[in-house]
Every structure is written in structure tokens, then in C-alpha cells.
$ cat protein_15.cif   # mmCIF, C-alpha atoms
data_my_file
loop_
_atom_site.label_atom_id
_atom_site.label_comp_id
_atom_site.auth_asym_id
_atom_site.auth_seq_id
_atom_site.Cartn_x
_atom_site.Cartn_y
_atom_site.Cartn_z
CA MET A 13 51.30 -100.04 137.02
CA THR A 14 53.72 -102.87 136.32
CA PRO A 15 57.12 -102.16 134.70
CA GLN A 16 56.04 -104.05 131.57
CA SER A 17 52.86 -102.00 131.16
CA TRP A 18 54.93 -98.81 131.56
CA GLY A 19 57.27 -100.13 128.86
CA ASP A 20 54.33 -100.89 126.58
CA ASP A 21 53.00 -97.37 127.15
CA LEU A 22 56.42 -95.91 126.35
CA ALA A 23 56.77 -97.90 123.13
CA GLY A 24 53.26 -96.90 122.08
CA ALA A 25 53.90 -93.23 122.85
CA LEU A 26 57.15 -93.27 120.87
CA CYS A 27 55.33 -94.76 117.88
CA ASP A 28 52.60 -92.12 118.19
CA LEU A 29 55.33 -89.47 118.09
CA GLY A 30 56.77 -90.85 114.87
CA LEU A 31 59.44 -93.36 115.86
CA GLU A 32 59.65 -96.68 114.04
CA PRO A 33 58.14 -99.57 116.07
CA ARG A 34 61.43 -101.51 116.19
CA GLU A 35 63.37 -98.53 117.55
CA ALA A 36 60.54 -97.71 119.97
CA ARG A 37 60.56 -101.24 121.39
CA LEU A 38 64.37 -101.24 121.76
CA ILE A 39 64.28 -97.97 123.68
CA ALA A 40 61.47 -99.25 125.91
CA GLU A 41 63.40 -102.45 126.64
CA ASP A 42 66.58 -100.52 127.39
CA SER A 43 64.68 -98.21 129.75
CA LEU A 44 63.15 -101.17 131.58
CA ALA A 45 66.57 -102.82 131.90
CA GLU A 46 68.11 -99.62 133.24
CA ALA A 47 65.33 -99.25 135.81
CA ALA A 48 65.77 -102.86 136.92
CA ASP A 49 69.53 -102.35 137.30
CA SER A 50 68.93 -99.29 139.46
CA GLY A 51 66.43 -101.10 141.69
CA SER A 52 63.72 -98.54 140.87
CA SER A 53 60.46 -98.73 139.01
CA PRO A 54 60.66 -97.16 135.54
CA ARG A 55 58.00 -94.63 136.50
CA ASP A 56 60.02 -93.53 139.55
CA LEU A 57 63.24 -93.33 137.51
CA PHE A 58 61.95 -91.75 134.29
CA GLY A 59 58.53 -90.40 135.17
CA PRO A 60 55.25 -91.07 133.32
CA ALA A 61 55.72 -92.83 129.99
CA TYR A 62 54.31 -90.18 127.65
CA PRO A 63 56.29 -87.17 128.96
CA TYR A 64 59.42 -89.32 128.93
CA ALA A 65 58.66 -90.32 125.34
CA ARG A 66 58.58 -86.63 124.38
CA LYS A 67 62.03 -86.17 125.94
CA VAL A 68 63.35 -89.13 123.97
CA ILE A 69 61.94 -87.71 120.73
CA GLU A 70 63.62 -84.36 121.47
CA ALA A 71 66.91 -86.23 121.85
CA VAL A 72 66.26 -88.06 118.57
CA ARG A 73 65.65 -84.79 116.75
CA ASP A 74 68.83 -83.28 118.15
CA ALA A 75 70.74 -86.35 116.96
CA THR A 76 69.35 -86.27 113.42
CA LEU A 77 68.79 -82.63 112.52
CA PRO A 78 71.34 -79.86 111.96
CA GLY A 79 72.04 -77.87 115.09
CA ASP A 80 71.82 -74.16 115.69
CA GLY A 81 75.55 -73.49 115.56
CA PRO A 82 77.39 -71.39 112.98
CA GLY A 83 76.99 -74.02 110.27
CA SER A 84 73.22 -73.84 110.53
CA SER A 85 73.12 -70.07 110.65
CA LEU A 86 74.43 -69.80 107.08
CA GLY A 87 70.80 -69.25 106.23
CA HIS A 88 70.12 -71.86 103.55
CA PRO A 89 70.40 -75.59 102.90
CA GLY A 90 73.72 -76.55 101.39
CA GLY A 91 75.74 -73.97 103.32
CA VAL A 92 79.49 -74.58 103.42
CA LEU A 93 80.53 -76.62 106.46
CA LEU A 94 84.14 -77.32 105.46
CA HIS A 95 86.45 -75.57 103.02
CA LEU A 96 90.08 -76.48 102.39
CA GLU A 97 92.22 -74.44 100.04
CA GLY A 98 95.81 -75.31 99.23
CA VAL A 99 96.25 -77.30 102.44
CA GLN A 100 99.73 -78.72 102.88
CA LYS A 101 101.44 -80.56 105.72
CA ARG A 102 105.17 -81.05 106.02
CA TYR A 103 107.05 -83.03 108.67
CA LYS A 104 110.74 -82.10 108.76
CA ARG A 105 111.70 -82.45 105.07
CA ARG A 106 108.86 -84.70 103.95
CA ASP A 107 105.63 -83.50 102.40
CA VAL A 108 102.70 -85.46 103.82
CA LEU A 109 99.98 -83.45 102.07
CA ARG A 110 100.32 -81.29 98.97
CA ARG A 111 97.80 -78.60 98.13
CA VAL A 112 94.51 -80.27 99.01
CA ASP A 113 91.36 -78.41 97.99
CA LEU A 114 87.89 -79.47 99.13
CA THR A 115 84.50 -77.92 99.84
CA VAL A 116 81.79 -79.86 101.69
CA ARG A 117 78.32 -78.39 102.00
CA ALA A 118 75.44 -79.39 104.22
CA GLY A 119 73.90 -82.58 102.86
CA GLU A 120 77.06 -83.76 101.11
CA VAL A 121 79.40 -86.73 101.59
CA ALA A 122 83.09 -86.57 100.67
CA ALA A 123 85.29 -89.68 100.47
CA VAL A 124 89.05 -89.44 101.02
CA VAL A 125 91.09 -92.19 99.34
CA GLY A 126 94.75 -92.94 98.74
CA ALA A 127 97.44 -95.49 99.44
CA ASN A 128 98.90 -95.98 102.91
CA GLY A 129 101.15 -93.09 103.85
CA THR A 130 99.44 -90.51 101.65
CA GLY A 131 98.17 -88.56 104.67
CA LYS A 132 94.49 -89.53 104.88
CA SER A 133 94.37 -89.57 108.69
CA THR A 134 96.53 -86.43 108.86
CA LEU A 135 94.08 -84.63 106.58
CA LEU A 136 91.14 -85.62 108.77
CA ARG A 137 92.94 -84.40 111.90
CA ILE A 138 93.56 -81.08 110.16
CA CYS A 139 89.85 -80.87 109.28
CA ALA A 140 89.01 -81.54 112.94
CA GLY A 141 91.44 -78.88 114.17
CA LEU A 142 93.62 -81.43 115.98
CA THR A 143 96.63 -80.87 113.72
CA ARG A 144 97.72 -77.58 112.18
CA ALA A 145 98.37 -77.38 108.44
CA SER A 146 101.80 -76.14 107.38
CA SER A 147 100.13 -73.87 104.83
CA GLY A 148 96.77 -73.26 103.22
CA GLN A 149 93.37 -72.28 104.56
CA VAL A 150 90.92 -74.34 106.62
CA PHE A 151 87.35 -73.18 107.31
CA ARG A 152 84.89 -75.09 109.49
CA ALA A 153 81.35 -74.08 110.37
CA GLY A 154 79.14 -75.54 113.08
CA ARG A 155 79.76 -78.39 115.47
CA VAL A 156 82.23 -81.08 114.48
CA GLY A 157 82.14 -84.80 115.31
CA TYR A 158 85.43 -86.67 114.86
CA VAL A 159 85.70 -90.48 114.83
CA PRO A 160 89.31 -91.75 114.84
CA GLN A 161 90.40 -94.97 113.18
CA SER A 162 91.23 -96.51 116.55
CA GLY A 163 91.12 -95.52 120.21
CA GLY A 164 88.75 -92.89 121.52
CA VAL A 165 87.09 -95.12 124.13
CA ILE A 166 87.98 -96.10 127.70
CA GLY A 167 88.26 -99.81 128.42
CA LEU A 168 86.97 -99.76 132.01
CA LEU A 169 83.76 -97.85 131.19
CA THR A 170 80.50 -99.29 129.89
CA ALA A 171 78.75 -97.86 126.84
CA ALA A 172 76.23 -96.03 129.05
CA GLU A 173 79.06 -94.47 131.06
CA HIS A 174 80.64 -93.29 127.81
CA PHE A 175 77.33 -91.72 126.78
CA GLU A 176 77.11 -89.87 130.10
CA LEU A 177 80.76 -88.77 130.01
CA PHE A 178 80.65 -87.46 126.45
CA GLY A 179 77.25 -85.94 127.05
CA ALA A 180 78.54 -84.05 130.09
CA ALA A 181 81.32 -82.58 127.92
CA THR A 182 78.64 -80.91 125.79
CA ARG A 183 76.26 -80.16 128.68
CA VAL A 184 73.77 -82.92 127.81
CA ALA A 185 71.95 -84.38 130.82
CA SER A 186 72.96 -87.96 131.62
CA ARG A 187 69.49 -89.44 131.06
CA ARG A 188 69.17 -87.71 127.71
CA ALA A 189 72.69 -88.76 126.69
CA ARG A 190 71.89 -92.39 127.49
CA SER A 191 68.63 -92.26 125.53
CA THR A 192 70.32 -90.71 122.52
CA GLY A 193 73.23 -93.16 122.70
CA ASN A 194 70.91 -96.17 122.88
CA LEU A 195 68.88 -94.90 119.93
CA LEU A 196 72.00 -94.40 117.80
CA ALA A 197 73.20 -97.86 118.84
CA SER A 198 69.93 -99.42 117.65
CA ARG A 199 70.52 -97.90 114.21
CA LEU A 200 73.74 -99.87 114.06
CA SER A 201 71.93 -103.06 115.18
CA TRP A 202 73.57 -102.96 118.60
CA ARG A 203 71.98 -103.06 122.03
CA PRO A 204 74.62 -102.17 124.65
CA ASN A 205 74.74 -104.40 127.71
CA PRO A 206 74.68 -102.12 130.78
CA HIS A 207 77.18 -104.37 132.58
CA THR A 208 79.74 -104.91 129.79
CA ARG A 209 82.91 -102.84 129.89
CA THR A 210 84.33 -101.55 126.64
CA GLU A 211 87.45 -103.69 126.98
CA GLN A 212 85.18 -106.75 126.73
CA LEU A 213 83.67 -105.67 123.40
CA SER A 214 84.82 -106.86 120.00
CA GLY A 215 86.79 -104.46 117.83
CA GLY A 216 83.81 -103.89 115.56
CA THR A 217 81.51 -103.10 118.50
CA ARG A 218 84.05 -100.68 119.96
CA GLN A 219 84.07 -98.92 116.61
CA LYS A 220 80.27 -98.70 116.73
CA LEU A 221 80.66 -97.01 120.10
CA ASN A 222 83.17 -94.60 118.54
CA LEU A 223 80.66 -93.72 115.84
CA ILE A 224 77.91 -93.10 118.37
CA LEU A 225 80.13 -90.86 120.49
CA GLY A 226 81.05 -88.84 117.41
CA ASP A 227 77.36 -88.23 116.71
CA LEU A 228 76.14 -87.88 120.30
CA HIS A 229 76.26 -84.07 120.41
CA ALA A 230 74.42 -83.68 117.06
CA PRO A 231 77.34 -82.25 115.04
CA ASP A 232 76.84 -80.45 111.74
CA LEU A 233 79.99 -82.00 110.25
CA LEU A 234 81.17 -85.59 110.82
CA LEU A 235 84.79 -86.61 110.14
CA LEU A 236 85.15 -90.40 109.99
CA ASP A 237 88.51 -92.16 109.68
CA GLU A 238 87.77 -95.64 108.25
CA PRO A 239 84.99 -95.99 110.84
CA TYR A 240 83.87 -99.48 109.82
CA GLN A 241 87.01 -101.36 110.92
CA GLY A 242 85.95 -104.77 112.27
CA PHE A 243 82.37 -104.52 110.99
CA ASP A 244 80.65 -107.57 109.58
CA GLN A 245 78.63 -107.22 106.37
CA GLY A 246 75.40 -106.36 108.17
CA SER A 247 77.05 -103.68 110.32
CA TYR A 248 78.79 -102.27 107.26
CA LEU A 249 75.43 -101.84 105.51
CA ASP A 250 73.96 -100.29 108.68
CA PHE A 251 76.86 -97.82 108.67
CA TRP A 252 76.10 -96.60 105.15
CA GLN A 253 72.41 -96.32 105.99
CA GLN A 254 73.44 -94.05 108.85
CA VAL A 255 75.56 -91.99 106.44
CA TYR A 256 72.46 -91.54 104.27
CA ARG A 257 70.49 -90.41 107.32
CA TRP A 258 73.15 -87.82 108.09
CA ARG A 259 73.17 -86.58 104.52
CA ASP A 260 69.35 -86.43 104.36
CA ALA A 261 69.34 -84.51 107.64
CA GLY A 262 71.61 -81.85 106.13
CA LYS A 263 74.86 -82.84 107.81
CA GLY A 264 78.21 -82.87 106.04
CA VAL A 265 80.23 -86.09 106.14
CA VAL A 266 83.90 -86.68 105.30
CA VAL A 267 84.87 -90.36 105.39
CA VAL A 268 88.31 -91.87 104.85
CA THR A 269 87.92 -95.16 103.01
CA HIS A 270 90.00 -97.72 101.14
CA LEU A 271 86.95 -99.50 99.69
CA LEU A 272 86.85 -98.08 96.18
CA GLN A 273 83.56 -99.80 95.32
CA GLU A 274 81.80 -97.40 97.70
CA LEU A 275 82.89 -94.21 95.96
CA ASP A 276 79.63 -93.93 94.03
CA ARG A 277 77.99 -93.21 97.41
CA ALA A 278 79.95 -89.95 97.77
CA ASP A 279 79.32 -86.49 96.32
CA HIS A 280 83.06 -85.74 96.23
CA VAL A 281 86.11 -88.01 96.08
CA VAL A 282 89.52 -86.70 97.17
CA ASP A 283 92.34 -88.89 95.87
CA LEU A 284 95.47 -88.04 97.87
CA GLY A 285 97.50 -90.08 95.40
CA THR A 286 96.71 -87.60 92.63
CA GLY A 287 95.59 -84.59 94.64
CA GLN A 288 92.41 -84.32 92.58
CA VAL A 289 88.82 -83.88 93.67
CA ASP A 290 86.22 -85.63 91.52
CA ARG A 291 82.64 -84.34 91.24
#
$ encode --input "protein_15.cif" --output "C-alpha cells"
Amino acid sequence: MTPQSWGDDLAGALCDLGLEPREARLIAEDSLAEAADSGSSPRDLFGPAYPYARKVIEAVRDATLPGDGPGSSLGHPGGVLLHLEGVQKRYKRRDVLRRVDLTVRAGEVAAVVGANGTGKSTLLRICAGLTRASSGQVFRAGRVGYVPQSGGVIGLLTAAEHFELFGAATRVASRRARSTGNLLASRLSWRPNPHTRTEQLSGGTRQKLNLILGDLHAPDLLLLDEPYQGFDQGSYLDFWQQVYRWRDAGKGVVVVTHLLQELDRADHVVDLGTGQVDR
């Protein structure tokens, strides 16, 4: 069997198992490229095409369906994934956040807006458990994916090495982490070059990598701090399509944004300038 015929079999098997033809072909091409880079035949590296296709589909389902953590064990769709009550943050004598209330359920999107300096990033870090609130209550259920506004990636590593590293942190096998990462990249119209280090990527592409890493372990709740920085128009539209996929899959999403025209896409809007939650 030639590598190309194995790739054709893989793409066909992925389509048979329900994947869109474009995504199936991208995964097949990525698998062939990875095998060529390793100096092995794809069959030797990944095994027969159809069993490998089933493993890829399992990874896809883990990346798009709610997990089996506490958030999913609430027993019904729409269970509470995040609840903030009277959350405040004070640095020295300055109030950064004042009594923020918010409830996000599975299948909901919340947008956080406000002028610079109103504490949007601080609020998201509190939601992620990276910063402690000065007062108030914070409840999180299930697995959490956090995507910072900047940073979060390592310049000397390739995208595939990031997938393996972040996958290892959540006990995901390297091959499965790469397959999942490449699939998520295709949904953002990006095909990672196996030889390109992150420091060589544009700012928008690095942010795509950040998004993928935040979703790699199939979190129930995604916390996104202006995740589209550096995106062109096409990538920006791809991002919102991915948000819809998360919502349809029953995930909760909290996104910090300054683009007020996008607020109609959200189920809740938290305005840190007024402290009010709409809808």
C-alpha cells in the first residue's frame, strides 16, 4: 500500500464516520506529512487506516462534547458551570471590580465588556481560579479552559510539540493530542507546519494556537480574554463559528470583548462600566 492510498483510505473512513470531507482530507494530509517527517510509512506509524480513523473520531468527540467532570454530572442540560455572586477585587486602596454577579449555564455564552482598566482580564483570571477575589463567591463546575489575551505559548516549540505538551498535562496520548490539535486548527482555517516554531508565527496565528490549547482537553467551560487579537476577517468569522460549536455542544463560554457589535451573539452581557448583567 502506498502512503497516498493509505491517506485516501483514512479520508474515506473519516467521512464514513461522520466527519466533513474537508476536515477529513486535512487530517489525512497532516497524517501523511507527519509520517514523511518521521521517515516511516503511515501504516507503520499510525496503523491501519480505519482503526486509526476511529481513534481520530474519538478525539473529535472529546473535543466537541461535554466531558464527564463535575459540570456534566449536574444531571441535565443547562447545568450551572460558573456562578459569581458579589465578586469584588481590591488592590491596595483601589477597587478593580465591584460586586459582579453572573451565572453561566451549559450551552450559554457570556460577553464581558467595559473600558480599559475596568478589570475585564482580572475578572477572567478570577473565574479561572488564577486570582483570588477580595470578597464574594465563585463557583465553577467541570473542566476549565483558559485562553489569555497574550502569552501562553513557547516560542521555541512547534504547534505539534505544544499539542503533545499540553496533552501530557491532562494525560492525553501524544498521537491523540496531535490529531485533536490538528482538527481544531482546521476549524480555524489553519494547517500547522510541523517545522515552524511558534516564534516564527504571526500574532494572529499564535492566538489561534492559544485557542486550540485552551480547548485541547475538552473543557466544559471556556474563558477567553479577547482571543481574536491579530485575526483577519476570515479568522474572526471562523472564531465565532467555533463559539457556536461550543455552545451547541453544551459548553459554557465567557469571552472578553471590546467589539460591541458582537454582543447580540451572547446570552449574557456583563458591562463592568455599569456592573449590570443584561439578559
$ resolve_selection --input "protein_15.cif" --expression "the PyMOL selection byres ((chain A and resi 207-209) around 6)" --output "number ranges by chain"
A: 168-170, 205-206, 210-212
$ write_last_selection --input "protein_15.cif" --atoms "C-alpha atoms" --output "mmCIF file, keeping the file's coordinate frame"
data_model
loop_
_atom_site.group_PDB
_atom_site.id
_atom_site.type_symbol
_atom_site.label_atom_id
_atom_site.label_comp_id
_atom_site.auth_asym_id
_atom_site.auth_seq_id
_atom_site.Cartn_x
_atom_site.Cartn_y
_atom_site.Cartn_z
ATOM 1 C CA LEU A 168 86.970 -99.760 132.010
ATOM 2 C CA LEU A 169 83.760 -97.850 131.190
ATOM 3 C CA THR A 170 80.500 -99.290 129.890
ATOM 4 C CA ASN A 205 74.740 -104.400 127.710
ATOM 5 C CA PRO A 206 74.680 -102.120 130.780
ATOM 6 C CA THR A 210 84.330 -101.550 126.640
ATOM 7 C CA GLU A 211 87.450 -103.690 126.980
ATOM 8 C CA GLN A 212 85.180 -106.750 126.730
#
$ resolve_selection --input "protein_15.cif" --expression "the PyMOL selection byres ((chain A and resi 157) around 9)" --output "list in words"
Ala140, Arg155, Val156, Tyr158, Val159, Leu225, Gly226, Asp227, Leu228, His229, Ala230, Pro231, Asp232, Leu233, Leu234, Leu235 and Leu236 of chain A
$ closest_atom_pairs --input "protein_15.cif" --of "region 190-253 of chain A" --to "region 36-56 of chain A" --cutoff "10 Å" --atoms "only C-alpha atoms" --output "tab-separated table"
residue	atom	partner	partner_atom	distance
A:Arg190	CA	A:Ser43	CA	9.5
A:Ser191	CA	A:Ile39	CA	7.4
A:Thr192	CA	A:Ile39	CA	9.5
A:Asn194	CA	A:Ile39	CA	6.9
A:Leu195	CA	A:Ile39	CA	6.7
A:Ala197	CA	A:Leu38	CA	9.9
A:Ser198	CA	A:Leu38	CA	7.1
A:Trp202	CA	A:Leu38	CA	9.9
A:Arg203	CA	A:Leu38	CA	7.8
A:Pro204	CA	A:Asp42	CA	8.7
A:Asn205	CA	A:Asp42	CA	9.0
A:Pro206	CA	A:Glu46	CA	7.4
A:His207	CA	A:Asp49	CA	9.2
$ residues_around --input "protein_15.cif" --residues "Ser201 (chain A)" --least-positions-apart "2" --cutoff "12 Å" --atoms "all atoms listed in the file" --output "number ranges by chain"
A: 34-35, 38, 194-199, 203-204, 216-217, 220-221, 243-251, 253-254
$ atom_distance --input "protein_15.cif" --atom1 "CA of Val150 (chain A)" --atom2 "CA of Leu96 (chain A)"
4.8 Å
$ closest_atom_pairs --input "protein_15.cif" --of "region 124-196 of chain A" --to "region 97-113 of chain A" --cutoff "10 Å" --atoms "only C-alpha atoms" --output "CSV"
residue,atom,partner,partner_atom,distance
A:Gly129,CA,A:Val108,CA,7.8
A:Thr130,CA,A:Val108,CA,6.4
A:Gly131,CA,A:Val108,CA,5.6
A:Lys132,CA,A:Leu109,CA,8.7
A:Thr134,CA,A:Val108,CA,8.0
A:Leu135,CA,A:Leu109,CA,7.5
A:Ile138,CA,A:Val99,CA,9.0
A:Thr143,CA,A:Lys101,CA,9.3
A:Arg144,CA,A:Lys101,CA,8.0
A:Ala145,CA,A:Lys101,CA,5.2
A:Ser146,CA,A:Lys101,CA,4.7
A:Ser147,CA,A:Gln100,CA,5.2
A:Gly148,CA,A:Val99,CA,4.1
A:Gln149,CA,A:Glu97,CA,5.1
A:Val150,CA,A:Glu97,CA,6.7
A:Phe151,CA,A:Glu97,CA,8.8
$ atom_distance --input "protein_15.cif" --atom1 "CA of Val165 (chain A)" --atom2 "CA of Pro239 (chain A)"
13.5 Å
$ resolve_selection --input "protein_15.cif" --expression "the PyMOL selection byres ((chain A and resi 123) around 9)" --output "ChimeraX atom specification"
/A:121-122,124-125,265-269,274-275,277-283
$ write_last_selection --input "protein_15.cif" --atoms "C-alpha atoms" --output "compact mmCIF listing (two decimals), in the coordinates of the input"
# COMPACT_ATOMS: atom_id res chain seq x y z
CA VAL A 121 79.40 -86.73 101.59
CA ALA A 122 83.09 -86.57 100.67
CA VAL A 124 89.05 -89.44 101.02
CA VAL A 125 91.09 -92.19 99.34
CA VAL A 265 80.23 -86.09 106.14
CA VAL A 266 83.90 -86.68 105.30
CA VAL A 267 84.87 -90.36 105.39
CA VAL A 268 88.31 -91.87 104.85
CA THR A 269 87.92 -95.16 103.01
CA GLU A 274 81.80 -97.40 97.70
CA LEU A 275 82.89 -94.21 95.96
CA ARG A 277 77.99 -93.21 97.41
CA ALA A 278 79.95 -89.95 97.77
CA ASP A 279 79.32 -86.49 96.32
CA HIS A 280 83.06 -85.74 96.23
CA VAL A 281 86.11 -88.01 96.08
CA VAL A 282 89.52 -86.70 97.17
CA ASP A 283 92.34 -88.89 95.87
$ closest_residue --input "protein_15.cif" --among "A:Gly30, A:His270, A:Thr115, A:Val68" --to "Ala189 (chain A)" --atoms "only C-alpha atoms"
A:Val68
$ closest_residue --input "protein_15.cif" --among "A:Phe58, A:Met13, A:Ala127, A:Gly19" --to "Ser186 (chain A)" --atoms "only C-alpha atoms"
A:Phe58
$ closest_residue --input "protein_15.cif" --among "A:Gly24, A:Gly285, A:Gly242, A:Gly163" --to "Gly215 (chain A)" --atoms "only C-alpha atoms"
A:Gly242
$ atom_distance --input "protein_15.cif" --atom1 "CA of Val255 (chain A)" --atom2 "CA of Leu200 (chain A)"
11.1 Å
$ closest_residue --input "protein_15.cif" --among "A:Cys139, A:Ile166, A:Ala23, A:Ala153" --to "Phe178 (chain A)" --atoms "all atoms listed in the file"
A:Ile166
$ closest_residue --input "protein_15.cif" --among "A:Gly119, A:Gly126, A:Pro60, A:Gly262" --to "Asp21 (chain A)" --atoms "only C-alpha atoms"
A:Pro60
$ closest_residue --input "protein_15.cif" --among "A:Ala25, A:Val92, A:Ala185, A:Leu223" --to "Lys263 (chain A)" --atoms "all atoms listed in the file"
A:Val92
